[in-house]
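Q: model22.cif (mmCIF, C-alpha atoms and all ligand atoms) pasted underneath:
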```cif
data_entry
#
loop_
_atom_site.label_atom_id
_atom_site.label_comp_id
_atom_site.auth_asym_id
_atom_site.auth_seq_id
_atom_site.Cartn_x
_atom_site.Cartn_y
_atom_site.Cartn_z
CA MET A 1 0.00 0.00 0.00
CA ARG A 2 1.32 3.43 -0.95
CA MET A 3 2.06 5.77 1.93
CA ARG A 4 0.11 9.03 1.99
CA LYS A 5 2.29 12.01 1.11
CA LYS A 6 3.43 13.75 4.28
CA SER A 7 2.13 17.25 4.91
CA ASN A 8 4.55 20.08 4.10
CA LEU A 9 7.01 17.54 2.73
CA GLU A 10 8.85 20.04 0.52
CA THR A 11 9.36 22.47 3.43
CA ARG A 12 10.31 19.72 5.86
CA MET A 13 12.93 18.42 3.43
CA THR A 14 14.70 21.79 3.61
CA GLN A 15 14.70 21.99 7.40
CA HIS A 16 17.53 19.56 8.09
CA PRO A 17 20.58 20.98 6.33
CA ASP A 18 22.90 19.26 8.83
CA TYR A 19 21.46 15.87 7.93
CA LEU A 20 20.67 16.04 4.20
CA LEU A 21 23.47 16.19 1.66
CA LEU A 22 22.69 18.95 -0.79
CA ASN A 23 24.90 20.29 -3.50
CA GLU A 24 24.50 23.05 -6.02
CA ILE A 25 21.86 21.13 -7.97
CA GLY A 26 19.78 20.07 -4.99
CA PHE A 27 17.99 16.76 -4.57
CA PHE A 28 14.37 15.98 -4.33
CA ASP A 29 12.73 12.62 -4.78
CA GLY A 30 15.84 11.44 -6.50
CA LYS A 31 15.33 13.93 -9.29
CA TYR A 32 17.70 16.67 -10.26
CA THR A 33 16.31 20.09 -9.55
CA GLY A 34 17.46 23.05 -11.56
CA VAL A 35 20.38 21.29 -13.18
CA THR A 36 21.43 22.49 -16.59
CA GLU A 37 23.22 20.37 -19.16
CA LYS A 38 26.44 22.29 -18.77
CA LYS A 39 26.57 22.59 -15.02
CA GLU A 40 29.41 20.65 -13.50
CA ILE A 41 28.39 18.62 -10.50
CA LYS A 42 30.81 18.93 -7.60
CA LYS A 43 31.35 15.64 -5.82
CA PHE A 44 30.89 15.43 -2.08
CA ASP A 45 33.96 15.30 0.11
CA LEU A 46 32.95 12.85 2.81
CA ARG A 47 35.65 14.01 5.19
CA GLN A 48 34.15 17.49 4.99
CA VAL A 49 30.59 16.19 5.23
CA PHE A 50 31.24 14.29 8.48
CA GLY A 51 34.04 16.48 9.81
CA ASN A 52 36.38 13.53 10.45
CA ASP A 53 38.33 10.70 8.82
CA ASN A 54 36.29 7.83 10.22
CA PRO A 55 35.15 5.04 7.90
CA VAL A 56 31.97 5.78 5.97
CA TYR A 57 29.34 3.08 5.47
CA LEU A 58 26.55 3.51 2.94
CA GLU A 59 23.04 2.11 3.27
CA ILE A 60 21.19 1.97 -0.04
CA GLY A 61 17.38 2.09 0.05
CA CYS A 62 17.22 3.07 3.73
CA GLY A 63 13.44 3.68 3.74
CA LYS A 64 12.55 5.45 7.00
CA GLY A 65 16.11 5.13 8.26
CA GLY A 66 15.49 2.99 11.36
CA PHE A 67 18.51 0.78 10.66
CA ALA A 68 20.83 3.73 9.99
CA VAL A 69 19.74 5.54 13.17
CA GLN A 70 20.40 2.48 15.34
CA PHE A 71 23.64 1.65 13.57
CA ALA A 72 24.95 5.20 14.02
CA GLN A 73 24.06 5.20 17.71
CA GLN A 74 25.76 1.84 18.29
CA ASN A 75 28.86 2.77 16.27
CA PRO A 76 29.86 6.36 17.07
CA ASN A 77 33.25 5.93 15.36
CA ILE A 78 31.73 4.93 12.03
CA ASN A 79 29.94 7.41 9.78
CA ILE A 80 26.86 6.22 7.96
CA LEU A 81 25.28 7.74 4.89
CA ALA A 82 21.70 6.60 4.27
CA LEU A 83 20.51 6.84 0.67
CA GLU A 84 16.88 6.68 -0.39
CA VAL A 85 15.04 7.81 -3.51
CA ILE A 86 11.67 8.57 -1.89
CA SER A 87 11.52 11.84 0.08
CA ASN A 88 8.30 10.79 1.76
CA VAL A 89 10.12 8.06 3.71
CA ILE A 90 13.66 9.45 4.06
CA ILE A 91 12.17 12.48 5.86
CA VAL A 92 11.26 10.21 8.80
CA GLY A 93 14.91 9.22 9.29
CA MET A 94 16.17 12.78 8.87
CA GLU A 95 13.75 14.11 11.47
CA LYS A 96 14.74 11.34 13.90
CA ALA A 97 18.46 12.00 13.38
CA GLU A 98 17.90 15.70 14.06
CA GLU A 99 15.77 15.00 17.15
CA LEU A 100 18.44 12.66 18.56
CA LYS A 101 21.30 14.91 17.37
CA ILE A 102 23.23 12.01 15.83
CA PRO A 103 26.52 13.39 14.49
CA ASN A 104 27.69 10.37 12.46
CA LEU A 105 24.58 9.97 10.29
CA LYS A 106 23.67 11.83 7.09
CA PHE A 107 21.08 11.24 4.38
CA ILE A 108 21.04 11.63 0.64
CA ASN A 109 17.80 11.70 -1.35
CA CYS A 110 18.79 10.26 -4.69
CA ARG A 111 18.88 7.11 -6.76
CA ALA A 112 21.61 4.52 -6.28
CA GLU A 113 22.17 4.81 -10.02
CA HIS A 114 23.64 8.30 -9.43
CA LEU A 115 26.26 7.38 -6.83
CA THR A 116 29.22 7.88 -9.17
CA THR A 117 27.92 11.34 -10.09
CA TYR A 118 28.13 12.52 -6.49
CA PHE A 119 31.04 10.52 -5.05
CA GLU A 120 34.65 9.88 -5.97
CA ASP A 121 35.90 6.33 -6.46
CA ALA A 122 36.73 4.17 -3.42
CA VAL A 123 35.16 6.33 -0.70
CA PHE A 124 32.89 3.87 1.11
CA ASP A 125 34.04 1.23 3.59
CA ARG A 126 30.87 -0.86 3.44
CA ILE A 127 27.53 -0.98 1.66
CA PHE A 128 24.34 -2.23 3.31
CA LEU A 129 21.49 -3.48 1.16
CA ASN A 130 18.61 -4.12 3.53
CA PHE A 131 15.46 -5.64 2.07
CA SER A 132 15.89 -4.11 -1.36
CA CYS A 133 12.79 -4.21 -3.57
CA PRO A 134 12.77 -7.68 -5.22
CA TYR A 135 11.14 -6.59 -8.53
CA PRO A 136 9.92 -10.16 -9.16
CA LYS A 137 9.08 -9.67 -12.85
CA ASN A 138 12.01 -10.62 -15.04
CA THR A 139 11.40 -7.56 -17.20
CA TYR A 140 12.37 -5.41 -14.17
CA ALA A 141 15.42 -7.48 -13.19
CA ASN A 142 17.73 -4.59 -14.03
CA ARG A 143 16.09 -2.49 -11.28
CA ARG A 144 17.15 -4.94 -8.58
CA LEU A 145 19.91 -3.39 -6.52
CA THR A 146 22.19 -6.38 -7.14
CA ALA A 147 21.79 -6.32 -10.93
CA PRO A 148 25.15 -6.21 -12.77
CA ALA A 149 24.93 -2.47 -13.58
CA PHE A 150 24.52 -1.66 -9.85
CA LEU A 151 27.43 -3.92 -8.91
CA ASP A 152 29.59 -1.95 -11.37
CA VAL A 153 28.61 1.24 -9.55
CA TYR A 154 29.37 -0.29 -6.13
CA LYS A 155 32.78 -1.49 -7.37
CA LYS A 156 33.61 2.11 -8.16
CA VAL A 157 32.58 3.73 -4.90
CA LEU A 158 33.54 0.86 -2.55
CA LYS A 159 37.12 0.55 -1.31
CA ARG A 160 39.02 -2.62 -2.24
CA GLY A 161 38.80 -5.30 0.43
CA CYS A 162 35.52 -3.84 1.75
CA GLU A 163 32.15 -5.54 1.79
CA ILE A 164 28.51 -5.41 0.80
CA HIS A 165 26.16 -6.77 3.48
CA GLN A 166 22.79 -7.84 2.20
CA LYS A 167 19.64 -9.00 3.96
CA THR A 168 16.41 -10.03 2.29
CA ASP A 169 13.32 -12.14 2.85
CA ASN A 170 13.16 -12.91 -0.87
CA GLN A 171 14.74 -16.20 -1.94
CA LYS A 172 14.70 -15.31 -5.64
CA LEU A 173 16.43 -11.98 -5.03
CA PHE A 174 18.96 -13.73 -2.81
CA GLU A 175 19.77 -16.29 -5.52
CA PHE A 176 19.96 -13.54 -8.12
CA SER A 177 22.35 -11.60 -5.85
CA ILE A 178 24.60 -14.60 -5.17
CA GLU A 179 24.87 -15.29 -8.87
CA ASN A 180 25.66 -11.69 -9.85
CA LEU A 181 28.02 -11.00 -6.96
CA SER A 182 30.00 -14.15 -7.73
CA GLU A 183 30.06 -13.33 -11.42
CA ALA A 184 31.33 -9.82 -10.59
CA GLY A 185 34.23 -11.28 -8.58
CA PHE A 186 32.97 -10.65 -5.04
CA ILE A 187 33.94 -13.26 -2.45
CA LEU A 188 30.91 -14.47 -0.54
CA LYS A 189 31.18 -15.02 3.22
CA ASN A 190 28.90 -15.74 6.16
CA VAL A 191 25.93 -16.71 4.04
CA SER A 192 22.85 -17.46 6.14
CA LEU A 193 19.55 -18.91 4.95
CA ASP A 194 17.84 -18.23 8.28
CA LEU A 195 19.47 -15.32 10.05
CA HIS A 196 17.13 -15.25 13.04
CA ASN A 197 17.86 -18.91 13.83
CA SER A 198 21.61 -18.57 13.31
CA LYS A 199 24.48 -17.70 15.63
CA PHE A 200 24.82 -14.23 14.14
CA GLU A 201 25.02 -11.60 16.87
CA GLY A 202 24.27 -7.90 16.83
CA ASN A 203 21.67 -7.91 14.08
CA ILE A 204 19.83 -4.60 13.75
CA VAL A 205 16.27 -5.35 12.72
CA THR A 206 14.95 -3.01 10.00
CA GLU A 207 11.32 -1.93 9.53
CA TYR A 208 10.74 -4.41 6.71
CA GLU A 209 12.61 -7.16 8.52
CA GLN A 210 10.30 -6.75 11.52
CA LYS A 211 7.32 -7.18 9.22
CA PHE A 212 8.69 -10.29 7.51
CA VAL A 213 9.84 -11.94 10.74
CA SER A 214 6.41 -11.43 12.30
CA GLN A 215 4.99 -13.29 9.25
CA GLY A 216 7.32 -16.21 10.07
CA LEU A 217 9.52 -15.73 6.98
CA PRO A 218 13.20 -16.70 7.10
CA ILE A 219 15.72 -13.91 6.56
CA TYR A 220 18.60 -14.46 4.15
CA ARG A 221 21.90 -12.68 4.72
CA LEU A 222 25.29 -12.53 3.02
CA GLU A 223 28.55 -10.63 3.08
CA ALA A 224 30.34 -10.05 -0.24
CA GLN A 225 33.92 -8.84 -0.26
CA TYR A 226 35.27 -6.74 -3.11
CA LYS A 227 38.70 -8.34 -3.59
C1 LIG A 301 11.51 -2.58 0.69
S1 LIG A 301 12.15 -1.02 1.15
C2 LIG A 301 13.24 -1.41 2.50
C3 LIG A 301 13.48 -0.25 3.43
C4 LIG A 301 14.47 -0.52 4.57
N1 LIG A 301 15.79 -0.80 4.04
C5 LIG A 301 14.04 -1.64 5.46
O1 LIG A 301 14.66 -2.70 5.44
O2 LIG A 301 13.07 -1.44 6.21
C6 LIG A 301 13.29 -0.68 -0.17
C7 LIG A 301 13.62 0.81 -0.33
O3 LIG A 301 14.59 0.95 -1.36
C8 LIG A 301 14.29 2.13 -2.10
N2 LIG A 301 14.88 2.01 -3.44
C9 LIG A 301 14.54 1.12 -4.40
N3 LIG A 301 15.29 1.31 -5.51
C10 LIG A 301 16.14 2.34 -5.23
C11 LIG A 301 17.16 3.00 -5.97
N4 LIG A 301 17.43 2.63 -7.22
N5 LIG A 301 17.84 4.00 -5.38
C12 LIG A 301 17.54 4.37 -4.11
N6 LIG A 301 16.58 3.80 -3.35
C13 LIG A 301 15.89 2.78 -3.90
C14 LIG A 301 12.78 2.19 -2.11
O4 LIG A 301 12.32 3.49 -2.35
C15 LIG A 301 12.43 1.66 -0.72
O5 LIG A 301 12.27 2.71 0.22
#
```
How does this structure look as structure tokens?

A:
Amino acid sequence: MRMRKKSNLETRMTQHPDYLLLNEIGFFDGKYTGVTEKKEIKKFDLRQVFGNDNPVYLEIGCGKGGFAVQFAQQNPNINILALEVISNVIIVGMEKAEELKIPNLKFINCRAEHLTTYFEDAVFDRIFLNFSCPYPKNTYANRRLTAPAFLDVYKKVLKRGCEIHQKTDNQKLFEFSIENLSEAGFILKNVSLDLHNSKFEGNIVTEYEQKFVSQGLPIYRLEAQYK
């Protein structure tokens, strides 16, 4: 079911400049605003963004940001950037981060497809893919966040030796991910077919995960290292 558009969304999106990455073109709902063909897009300097040299983890498709908020609170020496295309949900995370004054968490309202436009190569120390949309129809397979074109993007922005951590309830998406990650040269580690009945410790349960677990569905998880 589609979520009703939040009241004053446009205004609210502008009220958290310390939490939302904005550059000269601005972001809104993943679309460029006011960009002209010729305008050069300045890439973000993550050291400047966070004000330190700590590792930066990226969560792609963060939804309402519950995972990123908890992760940032539990890991004050790691910076986390939460990326989401839909303003109507990312706003929830931004408002929470502001309310809790979390210094090591920032948000970016754009599409994963645009990561290389906004970031230099090899800037992220980890990528989280939590319950990415499965796009079950084969005709939409290229929209899945572990489709080959996305893995090419991740290989650019991820540092060598660093990892992608994925969780999903969707067996087909998990199989698709394993196949593509292996094909792209990632080394798979700690693969679990039932995370909640495994020995894995310290799992942060996301909004979607909560929903799926309460329906009795197993959660699949993997780590993929970019060698
Ligand atoms: C099923 S939700 C999961 C939200 C959250 N990670 C969780 O586990 O509760 C997937 C999210 O990914 C976002 N998304 C899908 N494709 C995206 C893309 N290409 N770039 C950025 N976000 C995307 C969707 O808008 C949606 O909010």

Q: Please put the answer as JSON: centre and edge lengths, in Å with one decimal, of a box along x, y and z that encloses all listed atoms of ligand LIG 301 (chain A) plus 4 Å on each side.

A:
```
{"center_x": 14.7, "center_y": 0.8, "center_z": -0.5, "size_x": 14.3, "size_y": 15.1, "size_z": 21.4}
```

Q: Would you mind listing the residues within 10 Å of ligand LIG 301 (chain A), counting only C-alpha atoms and all ligand atoms, as a PDB file with C-alpha atoms, in the coordinates of the input?

A:
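Listing of pocket_9.pdb after writing:
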```pdb
ATOM      1  CA  ASP A  29      12.730  12.620  -4.780  1.00  0.00           C
ATOM      2  CA  GLY A  30      15.840  11.440  -6.500  1.00  0.00           C
ATOM      3  CA  GLU A  59      23.040   2.110   3.270  1.00  0.00           C
ATOM      4  CA  ILE A  60      21.190   1.970  -0.040  1.00  0.00           C
ATOM      5  CA  GLY A  61      17.380   2.090   0.050  1.00  0.00           C
ATOM      6  CA  CYS A  62      17.220   3.070   3.730  1.00  0.00           C
ATOM      7  CA  GLY A  63      13.440   3.680   3.740  1.00  0.00           C
ATOM      8  CA  LYS A  64      12.550   5.450   7.000  1.00  0.00           C
ATOM      9  CA  GLY A  65      16.110   5.130   8.260  1.00  0.00           C
ATOM     10  CA  GLY A  66      15.490   2.990  11.360  1.00  0.00           C
ATOM     11  CA  PHE A  67      18.510   0.780  10.660  1.00  0.00           C
ATOM     12  CA  ALA A  68      20.830   3.730   9.990  1.00  0.00           C
ATOM     13  CA  ALA A  82      21.700   6.600   4.270  1.00  0.00           C
ATOM     14  CA  LEU A  83      20.510   6.840   0.670  1.00  0.00           C
ATOM     15  CA  GLU A  84      16.880   6.680  -0.390  1.00  0.00           C
ATOM     16  CA  VAL A  85      15.040   7.810  -3.510  1.00  0.00           C
ATOM     17  CA  ILE A  86      11.670   8.570  -1.890  1.00  0.00           C
ATOM     18  CA  SER A  87      11.520  11.840   0.080  1.00  0.00           C
ATOM     19  CA  ASN A  88       8.300  10.790   1.760  1.00  0.00           C
ATOM     20  CA  VAL A  89      10.120   8.060   3.710  1.00  0.00           C
ATOM     21  CA  ILE A  90      13.660   9.450   4.060  1.00  0.00           C
ATOM     22  CA  ILE A 108      21.040  11.630   0.640  1.00  0.00           C
ATOM     23  CA  ASN A 109      17.800  11.700  -1.350  1.00  0.00           C
ATOM     24  CA  CYS A 110      18.790  10.260  -4.690  1.00  0.00           C
ATOM     25  CA  ARG A 111      18.880   7.110  -6.760  1.00  0.00           C
ATOM     26  CA  ALA A 112      21.610   4.520  -6.280  1.00  0.00           C
ATOM     27  CA  GLU A 113      22.170   4.810 -10.020  1.00  0.00           C
ATOM     28  CA  HIS A 114      23.640   8.300  -9.430  1.00  0.00           C
ATOM     29  CA  LEU A 115      26.260   7.380  -6.830  1.00  0.00           C
ATOM     30  CA  PHE A 128      24.340  -2.230   3.310  1.00  0.00           C
ATOM     31  CA  LEU A 129      21.490  -3.480   1.160  1.00  0.00           C
ATOM     32  CA  ASN A 130      18.610  -4.120   3.530  1.00  0.00           C
ATOM     33  CA  PHE A 131      15.460  -5.640   2.070  1.00  0.00           C
ATOM     34  CA  SER A 132      15.890  -4.110  -1.360  1.00  0.00           C
ATOM     35  CA  CYS A 133      12.790  -4.210  -3.570  1.00  0.00           C
ATOM     36  CA  PRO A 134      12.770  -7.680  -5.220  1.00  0.00           C
ATOM     37  CA  TYR A 135      11.140  -6.590  -8.530  1.00  0.00           C
ATOM     38  CA  ASN A 142      17.730  -4.590 -14.030  1.00  0.00           C
ATOM     39  CA  ARG A 143      16.090  -2.490 -11.280  1.00  0.00           C
ATOM     40  CA  ARG A 144      17.150  -4.940  -8.580  1.00  0.00           C
ATOM     41  CA  LEU A 145      19.910  -3.390  -6.520  1.00  0.00           C
ATOM     42  CA  PHE A 150      24.520  -1.660  -9.850  1.00  0.00           C
ATOM     43  CA  LYS A 167      19.640  -9.000   3.960  1.00  0.00           C
ATOM     44  CA  THR A 168      16.410 -10.030   2.290  1.00  0.00           C
ATOM     45  CA  ASP A 169      13.320 -12.140   2.850  1.00  0.00           C
ATOM     46  CA  ILE A 204      19.830  -4.600  13.750  1.00  0.00           C
ATOM     47  CA  VAL A 205      16.270  -5.350  12.720  1.00  0.00           C
ATOM     48  CA  THR A 206      14.950  -3.010  10.000  1.00  0.00           C
ATOM     49  CA  GLU A 207      11.320  -1.930   9.530  1.00  0.00           C
ATOM     50  CA  TYR A 208      10.740  -4.410   6.710  1.00  0.00           C
ATOM     51  CA  GLU A 209      12.610  -7.160   8.520  1.00  0.00           C
ATOM     52  CA  GLN A 210      10.300  -6.750  11.520  1.00  0.00           C
ATOM     53  CA  LYS A 211       7.320  -7.180   9.220  1.00  0.00           C
ATOM     54  CA  PHE A 212       8.690 -10.290   7.510  1.00  0.00           C
TER      55      PHE A 212
END
```

Q: So, with all atoms listed in the file as the atoms that count, which of A:Pro55, A:Ser198, A:Val157, A:Pro136 lies closest to A:Phe174?

A: A:Pro136

Q: Between atom CA of A:Leu22 and atom CA of A:Phe124, measure the distance and give it in Å to one decimal.

A: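 Atom CA of A:Phe124 lies 18.3 Å from atom CA of A:Leu22.
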
Q: Could you jot down the atom CA of A:Leu21 to atom CA of A:Ile91 separation for me, Å, one decimal place?

A: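 Straight-line distance from atom CA of A:Leu21 to atom CA of A:Ile91 works out to 12.6 Å.
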
Q: For the atom pair atom CA of A:Asn8 and atom CA of A:Glu95, what is the interatomic distance in Å to one decimal place?

A: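 Between atom CA of A:Asn8 and atom CA of A:Glu95 the gap is 13.2 Å.
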
Q: A:Asn197: which residues within 10 Å, counting only C-alpha atoms, same-chain residues fewer than 5 positions away excluded, as a PyMOL selection string?

A: chain A and resi 192+218-219

Q: For A:Gln15, list every protein, DNA or RNA residue within 10 Å, evaluated using all atoms listed in the file, and leave out those in the same chain fewer than 4 positions away; present the list as a ChimeraX atom specification.

A: /A:10-11,19-20,91,94-95,98

Q: Out of A:Thr116, A:Glu223, A:Pro148, A:Leu181, which residue has the shortest atom-to-atom distance to A:Ile164 when counting only C-alpha atoms?

A: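 Of all the options, A:Glu223 lies closest to A:Ile164.
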
Q: Find, counting all atoms listed in the file, the residue in A:Phe186, A:Phe119, A:Tyr220, A:Tyr154 that gets nearest to A:Gln166.

A: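 Result for the nearest residue to A:Gln166: A:Tyr220.
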
Q: For A:Ala72, find every residue with an atom within 10 Å (counting only C-alpha atoms), except residues of its own chain fewer than 2 positions away, and show them as number ranges by chain.

A: A: 57, 67-70, 74-81, 97, 102-106

Q: Find, counting all atoms listed in the file, the residue in A:Asn138, A:Cys162, A:His16, A:Thr117 that gets nearest to A:Lys101.

A: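 Smallest distance to A:Lys101 is found for A:His16.
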
Q: Render stretch 60-92 of chain A from the structure in the preceding block as a file of N, CA and C atoms, as a tab-separated table (two decimals), in the first residue's frame.

A:
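Result file is part-v6.tsv:
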```
chain	number	residue	atom	x	y	z
A	60	ILE	N	21.94	1.63	1.18
A	60	ILE	CA	21.19	1.97	-0.04
A	60	ILE	C	19.75	1.49	0.08
A	61	GLY	N	18.80	2.42	-0.10
A	61	GLY	CA	17.38	2.09	0.05
A	61	GLY	C	17.03	2.01	1.53
A	62	CYS	N	17.34	3.10	2.25
A	62	CYS	CA	17.22	3.07	3.73
A	62	CYS	C	15.78	3.19	4.20
A	63	GLY	N	14.83	3.51	3.30
A	63	GLY	CA	13.44	3.68	3.74
A	63	GLY	C	13.37	4.77	4.80
A	64	LYS	N	12.74	4.44	5.94
A	64	LYS	CA	12.55	5.45	7.00
A	64	LYS	C	13.76	5.59	7.90
A	65	GLY	N	14.83	4.89	7.59
A	65	GLY	CA	16.11	5.13	8.26
A	65	GLY	C	16.29	4.50	9.63
A	66	GLY	N	15.39	3.60	10.02
A	66	GLY	CA	15.49	2.99	11.36
A	66	GLY	C	16.81	2.25	11.57
A	67	PHE	N	17.25	1.52	10.56
A	67	PHE	CA	18.51	0.78	10.66
A	67	PHE	C	19.67	1.76	10.82
A	68	ALA	N	19.70	2.78	9.97
A	68	ALA	CA	20.83	3.73	9.99
A	68	ALA	C	20.91	4.47	11.32
A	69	VAL	N	19.76	4.84	11.87
A	69	VAL	CA	19.74	5.54	13.17
A	69	VAL	C	20.33	4.64	14.25
A	70	GLN	N	19.87	3.40	14.31
A	70	GLN	CA	20.40	2.48	15.34
A	70	GLN	C	21.87	2.18	15.12
A	71	PHE	N	22.24	1.96	13.86
A	71	PHE	CA	23.64	1.65	13.57
A	71	PHE	C	24.53	2.80	14.00
A	72	ALA	N	24.13	4.02	13.68
A	72	ALA	CA	24.95	5.20	14.02
A	72	ALA	C	25.08	5.33	15.54
A	73	GLN	N	24.00	5.08	16.25
A	73	GLN	CA	24.06	5.20	17.71
A	73	GLN	C	24.97	4.14	18.32
A	74	GLN	N	24.94	2.94	17.74
A	74	GLN	CA	25.76	1.84	18.29
A	74	GLN	C	27.22	1.93	17.87
A	75	ASN	N	27.49	2.71	16.82
A	75	ASN	CA	28.86	2.77	16.27
A	75	ASN	C	29.31	4.22	16.08
A	76	PRO	N	29.56	4.92	17.19
A	76	PRO	CA	29.86	6.36	17.07
A	76	PRO	C	31.13	6.67	16.28
A	77	ASN	N	32.01	5.67	16.11
A	77	ASN	CA	33.25	5.93	15.36
A	77	ASN	C	33.15	5.53	13.89
A	78	ILE	N	31.96	5.22	13.46
A	78	ILE	CA	31.73	4.93	12.03
A	78	ILE	C	30.68	5.93	11.54
A	79	ASN	N	30.93	6.52	10.38
A	79	ASN	CA	29.94	7.41	9.78
A	79	ASN	C	29.02	6.58	8.89
A	80	ILE	N	27.76	6.94	8.87
A	80	ILE	CA	26.86	6.22	7.96
A	80	ILE	C	26.05	7.21	7.13
A	81	LEU	N	26.05	6.94	5.83
A	81	LEU	CA	25.28	7.74	4.89
A	81	LEU	C	24.11	6.88	4.42
A	82	ALA	N	22.89	7.37	4.63
A	82	ALA	CA	21.70	6.60	4.27
A	82	ALA	C	21.09	7.20	3.01
A	83	LEU	N	20.99	6.37	1.98
A	83	LEU	CA	20.51	6.84	0.67
A	83	LEU	C	19.12	6.27	0.41
A	84	GLU	N	18.24	7.14	-0.10
A	84	GLU	CA	16.88	6.68	-0.39
A	84	GLU	C	16.30	7.60	-1.46
A	85	VAL	N	15.58	7.01	-2.40
A	85	VAL	CA	15.04	7.81	-3.51
A	85	VAL	C	13.74	8.52	-3.13
A	86	ILE	N	12.99	7.99	-2.18
A	86	ILE	CA	11.67	8.57	-1.89
A	86	ILE	C	11.74	9.54	-0.69
A	87	SER	N	11.47	10.81	-0.97
A	87	SER	CA	11.52	11.84	0.08
A	87	SER	C	10.53	11.53	1.20
A	88	ASN	N	9.38	11.03	0.80
A	88	ASN	CA	8.30	10.79	1.76
A	88	ASN	C	8.68	9.82	2.88
A	89	VAL	N	9.68	8.97	2.64
A	89	VAL	CA	10.12	8.06	3.71
A	89	VAL	C	11.45	8.51	4.33
A	90	ILE	N	12.35	9.04	3.53
A	90	ILE	CA	13.66	9.45	4.06
A	90	ILE	C	13.48	10.58	5.10
A	91	ILE	N	12.43	11.37	4.93
A	91	ILE	CA	12.17	12.48	5.86
A	91	ILE	C	12.02	11.97	7.30
A	92	VAL	N	11.47	10.77	7.46
A	92	VAL	CA	11.26	10.21	8.80
A	92	VAL	C	12.62	10.01	9.49
```
